[in-house]
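Structure below is start.txt: compact mmCIF, C-alpha atoms and all ligand atoms.
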```txt
# COMPACT_ATOMS: atom_id res chain seq x y z
CA MET A 20 -25.37 -19.89 56.90
CA PRO A 21 -27.92 -17.06 57.66
CA LYS A 22 -30.60 -18.21 60.14
CA ILE A 23 -33.51 -17.64 57.71
CA PHE A 24 -31.85 -19.85 55.10
CA ALA A 25 -31.25 -22.59 57.68
CA ARG A 26 -34.94 -22.48 58.67
CA VAL A 27 -36.03 -22.75 55.03
CA MET A 28 -33.72 -25.69 54.52
CA LEU A 29 -35.11 -27.35 57.65
CA PHE A 30 -38.61 -26.89 56.26
CA PHE A 31 -37.74 -28.64 53.08
CA ILE A 32 -35.95 -31.47 54.85
CA ILE A 33 -38.79 -32.10 57.35
CA LEU A 34 -42.00 -30.97 55.68
CA ALA A 35 -41.58 -31.07 51.96
CA PRO A 36 -41.79 -34.87 51.60
CA SER A 37 -45.14 -34.84 53.42
CA LEU A 38 -46.35 -32.35 50.84
CA GLY A 39 -45.63 -34.92 48.20
CA ALA A 40 -42.53 -33.06 47.03
CA SER A 41 -39.20 -34.82 47.19
CA ALA A 42 -37.05 -32.45 49.13
CA PHE A 43 -34.01 -33.41 47.11
CA GLU A 44 -33.63 -35.30 43.90
CA GLU A 45 -31.94 -38.68 44.58
CA ALA A 46 -28.22 -38.48 43.98
CA PRO A 47 -27.41 -39.60 40.42
CA THR A 48 -25.90 -43.08 40.14
CA LEU A 49 -22.76 -43.98 38.22
CA ARG A 50 -25.10 -45.45 35.62
CA ASP A 51 -27.05 -42.18 35.25
CA LEU A 52 -23.85 -40.19 34.88
CA ALA A 53 -22.18 -42.66 32.51
CA GLU A 54 -25.22 -42.52 30.24
CA GLN A 55 -25.03 -38.71 30.29
CA ASN A 56 -21.44 -39.15 29.06
CA ASP A 57 -22.43 -41.77 26.50
CA ILE A 58 -20.20 -44.51 27.91
CA TYR A 59 -20.85 -47.87 29.53
CA ILE A 60 -20.00 -48.30 33.22
CA GLY A 61 -19.64 -51.99 33.93
CA ALA A 62 -18.61 -54.64 36.41
CA ALA A 63 -17.53 -58.27 36.32
CA VAL A 64 -20.09 -60.49 38.01
CA TYR A 65 -19.83 -64.06 39.35
CA VAL A 66 -23.19 -65.82 39.33
CA SER A 67 -23.10 -66.78 43.03
CA HIS A 68 -22.93 -63.10 43.96
CA LEU A 69 -26.50 -62.71 42.68
CA ASN A 70 -27.63 -64.45 45.89
CA ASP A 71 -26.59 -61.33 47.79
CA PRO A 72 -29.46 -58.76 47.71
CA LEU A 73 -27.16 -55.86 48.50
CA PHE A 74 -24.88 -56.87 45.63
CA VAL A 75 -27.88 -57.12 43.27
CA ASP A 76 -29.20 -53.72 44.31
CA ILE A 77 -25.90 -51.96 43.65
CA LEU A 78 -25.15 -53.86 40.44
CA GLY A 79 -28.53 -53.08 38.87
CA SER A 80 -28.63 -49.46 39.92
CA GLN A 81 -25.00 -48.37 39.46
CA PHE A 82 -23.93 -50.23 36.29
CA ASN A 83 -25.26 -50.57 32.73
CA MET A 84 -22.79 -53.23 31.54
CA LEU A 85 -22.09 -56.71 32.89
CA THR A 86 -19.13 -58.97 32.17
CA PRO A 87 -19.46 -62.62 33.24
CA GLU A 88 -16.39 -63.12 35.46
CA ASN A 89 -16.13 -66.84 34.68
CA GLU A 90 -19.42 -68.17 33.28
CA ALA A 91 -18.60 -67.72 29.57
CA LYS A 92 -15.17 -69.37 29.66
CA ALA A 93 -14.52 -72.69 27.92
CA CYS A 94 -13.96 -74.75 31.08
CA GLU A 95 -17.33 -73.59 32.41
CA LEU A 96 -19.31 -73.80 29.15
CA GLN A 97 -17.91 -76.96 27.56
CA PRO A 98 -16.32 -79.00 30.37
CA ARG A 99 -16.55 -82.13 28.21
CA LEU A 100 -16.18 -82.16 24.44
CA GLY A 101 -19.59 -81.70 22.87
CA GLN A 102 -21.33 -81.26 26.25
CA PHE A 103 -22.27 -77.62 26.97
CA ASP A 104 -23.58 -76.20 30.26
CA PHE A 105 -25.14 -72.75 29.85
CA ARG A 106 -27.05 -72.59 33.15
CA ASN A 107 -24.84 -70.07 34.92
CA PHE A 108 -24.30 -67.93 31.83
CA ASP A 109 -28.05 -67.94 31.20
CA THR A 110 -28.65 -66.76 34.77
CA LEU A 111 -26.32 -63.81 34.24
CA MET A 112 -27.89 -63.05 30.85
CA ASP A 113 -31.38 -63.06 32.38
CA PHE A 114 -30.26 -60.70 35.14
CA ALA A 115 -28.60 -58.35 32.66
CA GLU A 116 -31.67 -58.23 30.43
CA GLU A 117 -34.04 -57.75 33.39
CA HIS A 118 -31.91 -54.74 34.43
CA GLU A 119 -31.40 -53.45 30.88
CA MET A 120 -27.67 -53.98 31.11
CA THR A 121 -25.47 -54.57 28.06
CA VAL A 122 -23.40 -57.75 28.21
CA HIS A 123 -19.68 -57.82 27.44
CA GLY A 124 -19.03 -61.49 26.64
CA HIS A 125 -15.76 -62.82 28.10
CA THR A 126 -14.00 -64.87 26.58
CA LEU A 127 -13.87 -67.35 23.70
CA LEU A 128 -10.09 -67.96 23.60
CA TRP A 129 -7.91 -68.11 26.71
CA HIS A 130 -5.00 -70.19 27.98
CA GLN A 131 -6.58 -70.42 31.43
CA CYS A 132 -9.85 -72.19 32.28
CA VAL A 133 -8.92 -74.76 29.60
CA PRO A 134 -11.09 -77.89 29.70
CA SER A 135 -9.11 -81.13 29.91
CA TRP A 136 -10.35 -82.39 26.52
CA LEU A 137 -8.67 -79.38 24.92
CA ALA A 138 -5.51 -79.49 27.02
CA ASN A 139 -4.98 -83.22 26.45
CA GLY A 140 -6.19 -83.66 22.87
CA PRO A 141 -4.70 -84.98 20.79
CA PHE A 142 -6.14 -83.24 17.73
CA SER A 143 -5.10 -82.98 14.12
CA ARG A 144 -5.17 -79.40 12.81
CA ASP A 145 -8.47 -80.01 11.02
CA GLU A 146 -10.04 -81.70 14.07
CA ALA A 147 -8.96 -78.77 16.27
CA ILE A 148 -10.33 -76.22 13.79
CA ASP A 149 -13.63 -78.10 13.80
CA ALA A 150 -13.66 -78.09 17.62
CA LEU A 151 -12.88 -74.35 17.74
CA ARG A 152 -15.57 -73.57 15.18
CA ASP A 153 -18.10 -75.71 17.06
CA HIS A 154 -17.34 -74.03 20.39
CA ILE A 155 -17.66 -70.53 18.99
CA MET A 156 -20.64 -71.16 16.73
CA THR A 157 -22.48 -72.86 19.62
CA VAL A 158 -21.69 -70.20 22.24
CA VAL A 159 -21.91 -67.03 20.14
CA GLY A 160 -24.81 -68.43 18.14
CA ARG A 161 -26.83 -69.18 21.30
CA TYR A 162 -26.74 -65.52 22.35
CA LYS A 163 -26.92 -64.00 18.86
CA GLY A 164 -28.38 -60.50 19.09
CA ARG A 165 -28.18 -60.51 22.92
CA ILE A 166 -24.45 -59.92 23.46
CA ALA A 167 -23.18 -56.64 22.07
CA ILE A 168 -19.47 -57.25 22.54
CA TRP A 169 -17.33 -60.38 22.73
CA ASP A 170 -13.79 -60.74 23.99
CA VAL A 171 -12.95 -63.20 21.22
CA ALA A 172 -9.31 -63.57 22.23
CA ASN A 173 -7.92 -62.94 25.71
CA GLU A 174 -4.18 -62.71 26.44
CA THR A 175 -2.96 -64.55 23.32
CA ILE A 176 0.09 -62.28 22.86
CA ALA A 177 3.27 -63.07 24.81
CA ASP A 178 4.08 -60.71 27.70
CA ASP A 179 7.20 -59.35 25.96
CA GLY A 180 5.25 -58.73 22.74
CA SER A 181 7.53 -61.12 20.84
CA GLY A 182 4.65 -63.12 19.30
CA LEU A 183 1.89 -65.47 20.41
CA ARG A 184 2.04 -67.23 23.76
CA ASP A 185 1.89 -71.02 23.75
CA THR A 186 -1.67 -72.24 24.28
CA PRO A 187 -3.47 -75.53 23.60
CA TRP A 188 -5.42 -74.08 20.67
CA ARG A 189 -2.17 -72.81 19.16
CA GLN A 190 -0.55 -76.19 19.75
CA TRP A 191 -3.27 -78.07 17.85
CA ILE A 192 -4.10 -75.49 15.12
CA GLY A 193 -1.11 -73.19 14.69
CA ASP A 194 -0.66 -69.41 14.78
CA ASP A 195 -3.76 -68.68 12.67
CA TYR A 196 -6.08 -69.93 15.46
CA VAL A 197 -6.70 -66.36 16.66
CA GLU A 198 -7.89 -65.01 13.31
CA LEU A 199 -10.00 -68.15 12.79
CA ALA A 200 -11.73 -67.42 16.10
CA PHE A 201 -12.58 -63.88 14.99
CA GLN A 202 -13.92 -65.18 11.68
CA PHE A 203 -16.06 -67.87 13.37
CA ALA A 204 -17.43 -65.35 15.88
CA HIS A 205 -18.35 -62.93 13.09
CA GLU A 206 -20.04 -65.76 11.20
CA ALA A 207 -22.02 -66.72 14.34
CA ASP A 208 -23.19 -63.16 15.08
CA PRO A 209 -22.35 -60.55 12.39
CA ASP A 210 -23.70 -57.75 14.60
CA ALA A 211 -21.53 -58.45 17.64
CA LEU A 212 -18.48 -56.24 18.17
CA LEU A 213 -15.37 -58.41 18.37
CA PHE A 214 -12.59 -57.42 20.76
CA TYR A 215 -9.06 -58.44 21.61
CA ASN A 216 -8.55 -58.21 25.41
CA ASP A 217 -5.28 -58.23 27.39
CA TYR A 218 -3.37 -56.90 30.41
CA ASN A 219 -0.31 -54.59 30.44
CA ILE A 220 -1.36 -53.16 27.07
CA GLU A 221 -2.77 -49.92 28.47
CA SER A 222 0.26 -47.70 27.82
CA VAL A 223 2.60 -47.73 24.83
CA ASN A 224 5.04 -50.62 25.29
CA ASP A 225 6.34 -53.70 23.46
CA LYS A 226 3.18 -55.66 24.21
CA SER A 227 0.75 -52.93 23.16
CA ASP A 228 2.88 -52.41 20.05
CA ALA A 229 2.31 -56.10 19.25
CA VAL A 230 -1.46 -55.63 19.74
CA TYR A 231 -1.39 -52.61 17.43
CA ALA A 232 0.50 -54.65 14.82
CA MET A 233 -1.96 -57.56 15.10
CA VAL A 234 -4.99 -55.27 14.72
CA SER A 235 -3.36 -53.53 11.73
CA ASP A 236 -2.63 -56.90 10.13
CA PHE A 237 -6.17 -58.21 10.76
CA LEU A 238 -7.69 -55.08 9.23
CA ALA A 239 -5.37 -55.29 6.23
CA ARG A 240 -6.48 -58.88 5.61
CA GLY A 241 -10.18 -58.33 6.26
CA ILE A 242 -10.29 -60.27 9.54
CA PRO A 243 -13.25 -58.82 11.50
CA ILE A 244 -12.09 -56.99 14.64
CA HIS A 245 -13.76 -53.95 16.19
CA GLY A 246 -12.05 -53.14 19.46
CA VAL A 247 -9.37 -53.63 22.06
CA GLY A 248 -9.97 -54.23 25.75
CA MET A 249 -7.34 -52.84 28.13
CA GLN A 250 -7.80 -54.95 31.26
CA SER A 251 -6.20 -52.27 33.48
CA HIS A 252 -5.35 -54.32 36.56
CA MET A 253 -3.48 -51.39 38.07
CA ILE A 254 -1.03 -50.98 40.95
CA LEU A 255 -1.60 -47.90 43.12
CA GLY A 256 0.30 -44.87 41.87
CA GLN A 257 1.51 -46.53 38.68
CA ILE A 258 -1.02 -45.13 36.20
CA ASP A 259 0.29 -43.47 33.02
CA PRO A 260 -2.65 -41.45 31.64
CA TYR A 261 -0.55 -39.91 28.89
CA GLY A 262 0.68 -43.27 27.62
CA ILE A 263 -2.83 -44.71 27.84
CA ALA A 264 -4.27 -41.74 25.97
CA LYS A 265 -1.64 -42.11 23.24
CA ASN A 266 -2.39 -45.82 22.91
CA MET A 267 -6.15 -45.22 22.80
CA GLN A 268 -5.62 -42.61 20.10
CA ARG A 269 -3.55 -44.82 17.81
CA LEU A 270 -5.98 -47.74 18.14
CA GLY A 271 -8.92 -45.40 17.56
CA GLU A 272 -7.27 -44.07 14.40
CA LEU A 273 -7.26 -47.68 13.14
CA GLY A 274 -11.02 -47.66 13.61
CA MET A 275 -11.06 -49.54 16.92
CA GLN A 276 -13.23 -48.92 19.93
CA VAL A 277 -11.17 -49.05 23.13
CA GLN A 278 -12.52 -50.16 26.48
CA ILE A 279 -11.18 -50.31 30.03
CA THR A 280 -12.36 -53.85 30.71
CA GLU A 281 -11.12 -55.15 34.09
CA LEU A 282 -10.08 -52.15 36.20
CA ASP A 283 -9.01 -52.58 39.79
CA VAL A 284 -6.32 -50.70 41.72
CA ARG A 285 -4.38 -52.88 44.13
CA PHE A 286 -1.84 -52.06 46.79
CA GLU A 287 0.23 -53.67 49.55
CA GLY A 288 -0.86 -53.47 53.17
CA GLU A 289 -3.95 -52.07 54.89
CA PRO A 290 -6.44 -49.80 53.04
CA SER A 291 -5.64 -46.68 55.08
CA ASP A 292 -7.43 -43.36 54.47
CA GLN A 293 -4.37 -42.11 52.65
CA ILE A 294 -4.26 -45.18 50.40
CA LEU A 295 -7.98 -44.87 49.65
CA ARG A 296 -7.49 -41.22 48.70
CA ARG A 297 -4.64 -42.13 46.37
CA GLN A 298 -6.76 -44.93 44.95
CA ALA A 299 -9.57 -42.45 44.28
CA SER A 300 -7.11 -40.28 42.39
CA ASP A 301 -6.06 -43.24 40.25
CA TYR A 302 -9.69 -44.11 39.44
CA ARG A 303 -10.34 -40.48 38.57
CA ARG A 304 -7.34 -40.36 36.21
CA MET A 305 -8.49 -43.55 34.46
CA MET A 306 -12.01 -42.17 33.99
CA GLU A 307 -10.68 -38.80 32.78
CA THR A 308 -8.50 -40.62 30.26
CA CYS A 309 -11.50 -42.58 28.99
CA LEU A 310 -13.78 -39.53 28.81
CA GLU A 311 -11.09 -37.48 27.04
CA SER A 312 -10.76 -40.13 24.33
CA GLU A 313 -13.36 -40.17 21.58
CA TYR A 314 -12.63 -43.91 21.17
CA CYS A 315 -13.13 -45.10 24.76
CA THR A 316 -16.62 -46.56 25.10
CA ALA A 317 -16.65 -48.50 28.38
CA PHE A 318 -15.21 -48.32 31.89
CA ILE A 319 -15.55 -51.72 33.55
CA THR A 320 -14.29 -52.68 37.01
CA TRP A 321 -13.34 -56.26 37.75
CA GLY A 322 -15.98 -56.68 40.42
CA VAL A 323 -18.32 -54.50 42.48
CA SER A 324 -17.32 -54.97 46.12
CA ASP A 325 -13.91 -55.58 47.69
CA ARG A 326 -15.56 -58.52 49.43
CA TYR A 327 -15.39 -60.64 46.26
CA THR A 328 -12.25 -59.35 44.54
CA TRP A 329 -10.19 -62.01 42.78
CA LEU A 330 -7.12 -60.36 44.27
CA ARG A 331 -7.78 -61.89 47.68
CA GLY A 332 -7.70 -65.35 46.13
CA SER A 333 -5.13 -67.63 47.73
CA ASN A 334 -4.05 -69.07 44.38
CA LEU A 335 -2.58 -65.93 42.94
CA GLY A 336 1.07 -66.44 43.72
CA PHE A 337 2.30 -63.16 42.32
CA PHE A 338 0.22 -61.01 44.66
CA GLU A 339 -1.40 -61.90 47.96
CA ASN A 340 -2.98 -59.29 50.19
CA PRO A 341 -5.94 -60.68 52.15
CA VAL A 342 -7.17 -57.17 52.96
CA VAL A 343 -6.64 -55.60 49.55
CA ALA A 344 -9.53 -53.29 48.63
CA PRO A 345 -9.18 -52.61 44.87
CA LEU A 346 -12.77 -51.72 43.89
CA LEU A 347 -15.40 -48.96 44.24
CA PHE A 348 -17.43 -50.45 47.11
CA ASP A 349 -16.01 -51.80 50.36
CA ASP A 350 -16.73 -55.19 51.95
CA ASP A 351 -20.01 -53.84 53.33
CA TYR A 352 -20.99 -52.24 50.02
CA ASN A 353 -20.30 -48.70 51.20
CA PRO A 354 -19.14 -46.44 48.37
CA LYS A 355 -15.46 -45.58 48.77
CA PRO A 356 -13.57 -42.38 47.87
CA ALA A 357 -12.93 -43.96 44.45
CA TYR A 358 -16.70 -44.10 43.85
CA ASP A 359 -17.06 -40.45 44.88
CA ALA A 360 -14.22 -39.51 42.54
CA LEU A 361 -15.98 -41.16 39.60
CA VAL A 362 -19.28 -39.41 40.43
CA GLU A 363 -17.40 -36.11 40.57
CA VAL A 364 -15.56 -36.49 37.28
CA LEU A 365 -18.57 -37.89 35.43
CA THR A 366 -20.63 -34.93 36.67
CA GLU A 367 -17.94 -32.48 35.55
CA TYR A 368 -17.76 -33.98 32.07
CA ALA A 369 -21.52 -34.34 31.73
CA GLY A 370 -21.86 -30.65 32.34
CA GLU A 371 -19.45 -29.73 29.54
O1 LIG B 401 -16.48 -72.61 40.72
C1 LIG B 401 -15.43 -73.42 41.30
C2 LIG B 401 -15.91 -74.01 42.61
O2 LIG B 401 -16.99 -74.92 42.34
C3 LIG B 401 -14.75 -74.76 43.28
O3 LIG B 401 -15.17 -75.21 44.54
C4 LIG B 401 -13.56 -73.82 43.44
C5 LIG B 401 -12.39 -74.59 44.00
O4 LIG B 401 -11.22 -73.86 43.77
O5 LIG B 401 -13.17 -73.27 42.14
C6 LIG B 401 -14.24 -72.52 41.58
O6 LIG B 401 -13.80 -72.03 40.32
C7 LIG B 401 -12.90 -70.92 40.46
C8 LIG B 401 -13.53 -69.72 39.72
O7 LIG B 401 -12.62 -68.61 39.67
C9 LIG B 401 -14.81 -69.27 40.41
O8 LIG B 401 -14.50 -68.81 41.70
C10 LIG B 401 -11.58 -71.31 39.77
O9 LIG B 401 -10.95 -72.30 40.56
C11 LIG B 401 -10.68 -70.08 39.67
O10 LIG B 401 -9.52 -70.41 38.90
C12 LIG B 401 -11.42 -68.95 38.96
O11 LIG B 401 -10.57 -67.81 38.95
C13 LIG B 401 -10.94 -66.80 38.00
C14 LIG B 401 -9.75 -66.59 37.03
O12 LIG B 401 -10.06 -65.53 36.11
C15 LIG B 401 -9.48 -67.85 36.22
O13 LIG B 401 -10.60 -68.14 35.40
C16 LIG B 401 -11.23 -65.49 38.74
O14 LIG B 401 -12.42 -65.64 39.51
C17 LIG B 401 -11.42 -64.36 37.74
O15 LIG B 401 -11.54 -63.11 38.43
C18 LIG B 401 -10.21 -64.27 36.81
O16 LIG B 401 -10.49 -63.28 35.87
C19 LIG B 401 -9.44 -63.05 34.92
C20 LIG B 401 -10.09 -62.70 33.59
O17 LIG B 401 -10.95 -63.75 33.19
C21 LIG B 401 -9.04 -62.39 32.54
N1 LIG B 401 -8.16 -61.30 33.00
C22 LIG B 401 -7.50 -61.59 34.29
C23 LIG B 401 -8.56 -61.86 35.36
C24 LIG B 401 -7.91 -62.10 36.71
O18 LIG B 401 -7.14 -63.26 36.66
```
Written as structure tokens, that's how I'd like the structure from this file.
Amino acid sequence: MPKIFARVMLFFIILAPSLGASAFEEAPTLRDLAEQNDIYIGAAVYVSHLNDPLFVDILGSQFNMLTPENEAKACELQPRLGQFDFRNFDTLMDFAEEHEMTVHGHTLLWHQCVPSWLANGPFSRDEAIDALRDHIMTVVGRYKGRIAIWDVANETIADDGSGLRDTPWRQWIGDDYVELAFQFAHEADPDALLFYNDYNIESVNDKSDAVYAMVSDFLARGIPIHGVGMQSHMILGQIDPYGIAKNMQRLGELGMQVQITELDVRFEGEPSDQILRRQASDYRRMMETCLESEYCTAFITWGVSDRYTWLRGSNLGFFENPVVAPLLFDDDYNPKPAYDALVEVLTEYAGE
């Protein structure tokens, strides 16, 4: 760098702020760049994490969408039949609205986080339909006009795509419980976008074929559905951008929005520099795939900091890596190469 230029730069770095000028514009956040690309950038949030000021600062500044990690699930909201507890969900809603973040409600139907009254029953079909309607009308109705998107059904399709998985609601009501949930949610808030959300449905495979068939059937019968959430719990190096793009396209051509709803990129062993570089590449490919699709409207990571990732939980069984670092910020909230990769690709596409 020529000496004169270095001196000028030094001037700006040292003196300019005292002259009231900001020597350099602050670096744009993920949120700034996502809004320039007209997509949501979101994160799953657990209410206890709001006690961490660093977490709060990053969440509010870097993201414009919030998904309650657990607070809107049935076992948390209606632990006893007819007795609702909205305190934690309300706390997250207040935070989101204070920070002008859009809320992605998660989830009205799921086979996990099942309250004992639902698991044990017993219910007649009509009693179970009444209980489902009451849960959805109470929950969706409470936040009418405040929650833009709801995961109405989460993971109701069997892993091999052969049909519906067995769940308590299905046991008491029958196979039409999913469409009933969409109808009740639409009745409770006609303006909310209603999504089906699942894992291993990102690329074209038997399970995503079953999702495509269900959406086609719902649309043919006038069941209100507006989008599909691809959870995207990815394993390092196993991303198929072409298959994901093809799947996004076919769902979009049905009139669906598509969202990446729970992205993390896990791996075995220590988070070495090489692994973190490969992880950054995987995040970049996922963001490119979303930005290239006219139907992809949100890019949501399942958490903010590696410190709180669900993947370190001891109850996972299928995958245990106590040092796994699947997210954009490390345990000390430092942005990782994956964060830098997203800033880079969002900047590239914003400039187009
Ligand atoms: O809040 C209680 C706490 O009071 C108690 O002391 C503790 C004892 O184990 O449990 C705490 O509840 C746990 C909750 O997370 C909050 O930490 C539940 O046991 C635990 O099962 C629950 O796990 C969540 C899991 O869904 C099941 O609901 C994970 O945090 C959450 O990341 C995970 O998220 C799911 C999505 O909803 C759907 N897609 C897959 C994704 C990962 O499994």
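Comparing the minimum interatomic distances between Ile263 in chain A and each of A:Tyr59, A:Tyr314, A:Phe286, A:Phe237, counting only C-alpha atoms, we find that A:Tyr314 sits nearest.
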I'd like the contact shell of Thr308 in chain A - 10 Å cut-off, all atoms listed in the file, skipping same-chain residues fewer than 2 positions apart - returned as a VMD selection string. chain A and resid 259 to 265 267 302 to 306 310 to 313 315
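Residue neighbourhood of Asp185 in chain A, excluding near-sequence residues (fewer than 4 positions): Trp129, His130, Gln131, Ala138, Glu174, Thr175, Ile176, Ala177, Asp178, Ser181, Arg189, Gln190, Trp191, Ile192, Gly193, Asp194 and Tyr196 of chain A, at 12 Å, using only C-alpha atoms.
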Save the residues we just selected, C-alpha atoms, as an mmCIF file, keeping the file's coordinate frame?
```
data_model
loop_
_atom_site.group_PDB
_atom_site.id
_atom_site.type_symbol
_atom_site.label_atom_id
_atom_site.label_comp_id
_atom_site.auth_asym_id
_atom_site.auth_seq_id
_atom_site.Cartn_x
_atom_site.Cartn_y
_atom_site.Cartn_z
ATOM 1 C CA TRP A 129 -7.910 -68.110 26.710
ATOM 2 C CA HIS A 130 -5.000 -70.190 27.980
ATOM 3 C CA GLN A 131 -6.580 -70.420 31.430
ATOM 4 C CA ALA A 138 -5.510 -79.490 27.020
ATOM 5 C CA GLU A 174 -4.180 -62.710 26.440
ATOM 6 C CA THR A 175 -2.960 -64.550 23.320
ATOM 7 C CA ILE A 176 0.090 -62.280 22.860
ATOM 8 C CA ALA A 177 3.270 -63.070 24.810
ATOM 9 C CA ASP A 178 4.080 -60.710 27.700
ATOM 10 C CA SER A 181 7.530 -61.120 20.840
ATOM 11 C CA ARG A 189 -2.170 -72.810 19.160
ATOM 12 C CA GLN A 190 -0.550 -76.190 19.750
ATOM 13 C CA TRP A 191 -3.270 -78.070 17.850
ATOM 14 C CA ILE A 192 -4.100 -75.490 15.120
ATOM 15 C CA GLY A 193 -1.110 -73.190 14.690
ATOM 16 C CA ASP A 194 -0.660 -69.410 14.780
ATOM 17 C CA TYR A 196 -6.080 -69.930 15.460
#
```
At a cut-off of 9 Å, using only C-alpha atoms, what residues contact Arg285 in chain A? Leave out same-chain residues fewer than 6 positions from it and give the result as an NGL selection string. :A and (252-255 or 298 or 330 or 340 or 343-346)
Residues contacting ligand LIG 401 (chain B) - anything with an atom at most 6 Å away, using all atoms listed in the file - can you give me those as number ranges by chain? A: 88-89, 132, 329
Can you complete the atoms of range 316-331 of chain A to N, CA and C atoms and list them as an mmCIF file, keeping the file's coordinate frame?
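Final file, selection-v4.cif:
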```cif
data_model
loop_
_atom_site.group_PDB
_atom_site.id
_atom_site.type_symbol
_atom_site.label_atom_id
_atom_site.label_comp_id
_atom_site.auth_asym_id
_atom_site.auth_seq_id
_atom_site.Cartn_x
_atom_site.Cartn_y
_atom_site.Cartn_z
ATOM 1 N N THR A 316 -15.162 -46.417 25.020
ATOM 2 C CA THR A 316 -16.620 -46.560 25.100
ATOM 3 C C THR A 316 -17.110 -47.277 26.356
ATOM 4 N N ALA A 317 -16.192 -47.814 27.157
ATOM 5 C CA ALA A 317 -16.650 -48.500 28.380
ATOM 6 C C ALA A 317 -15.584 -48.430 29.465
ATOM 7 N N PHE A 318 -16.066 -48.386 30.694
ATOM 8 C CA PHE A 318 -15.210 -48.320 31.890
ATOM 9 C C PHE A 318 -15.740 -49.399 32.826
ATOM 10 N N ILE A 319 -15.035 -50.533 32.848
ATOM 11 C CA ILE A 319 -15.550 -51.720 33.550
ATOM 12 C C ILE A 319 -14.587 -52.079 34.680
ATOM 13 N N THR A 320 -15.120 -52.258 35.870
ATOM 14 C CA THR A 320 -14.290 -52.680 37.010
ATOM 15 C C THR A 320 -14.415 -54.202 37.175
ATOM 16 N N TRP A 321 -13.323 -54.794 37.633
ATOM 17 C CA TRP A 321 -13.340 -56.260 37.750
ATOM 18 C C TRP A 321 -13.930 -56.658 39.099
ATOM 19 N N GLY A 322 -15.239 -56.394 39.189
ATOM 20 C CA GLY A 322 -15.980 -56.680 40.420
ATOM 21 C C GLY A 322 -16.688 -55.433 40.902
ATOM 22 N N VAL A 323 -17.539 -55.600 41.903
ATOM 23 C CA VAL A 323 -18.320 -54.500 42.480
ATOM 24 C C VAL A 323 -17.777 -54.163 43.871
ATOM 25 N N SER A 324 -17.706 -55.192 44.724
ATOM 26 C CA SER A 324 -17.320 -54.970 46.120
ATOM 27 C C SER A 324 -15.990 -55.645 46.428
ATOM 28 N N ASP A 325 -15.197 -54.996 47.264
ATOM 29 C CA ASP A 325 -13.910 -55.580 47.690
ATOM 30 C C ASP A 325 -14.092 -56.974 48.269
ATOM 31 N N ARG A 326 -15.278 -57.226 48.785
ATOM 32 C CA ARG A 326 -15.560 -58.520 49.430
ATOM 33 C C ARG A 326 -15.251 -59.687 48.497
ATOM 34 N N TYR A 327 -15.506 -59.517 47.189
ATOM 35 C CA TYR A 327 -15.390 -60.640 46.260
ATOM 36 C C TYR A 327 -14.223 -60.495 45.282
ATOM 37 N N THR A 328 -13.322 -59.554 45.526
ATOM 38 C CA THR A 328 -12.250 -59.350 44.540
ATOM 39 C C THR A 328 -11.411 -60.604 44.350
ATOM 40 N N TRP A 329 -11.052 -60.853 43.105
ATOM 41 C CA TRP A 329 -10.190 -62.010 42.780
ATOM 42 C C TRP A 329 -8.830 -61.855 43.432
ATOM 43 N N LEU A 330 -8.481 -60.627 43.772
ATOM 44 C CA LEU A 330 -7.120 -60.360 44.270
ATOM 45 C C LEU A 330 -6.910 -60.907 45.673
ATOM 46 N N ARG A 331 -7.952 -61.302 46.343
ATOM 47 C CA ARG A 331 -7.780 -61.890 47.680
ATOM 48 C C ARG A 331 -7.670 -63.413 47.570
#
```
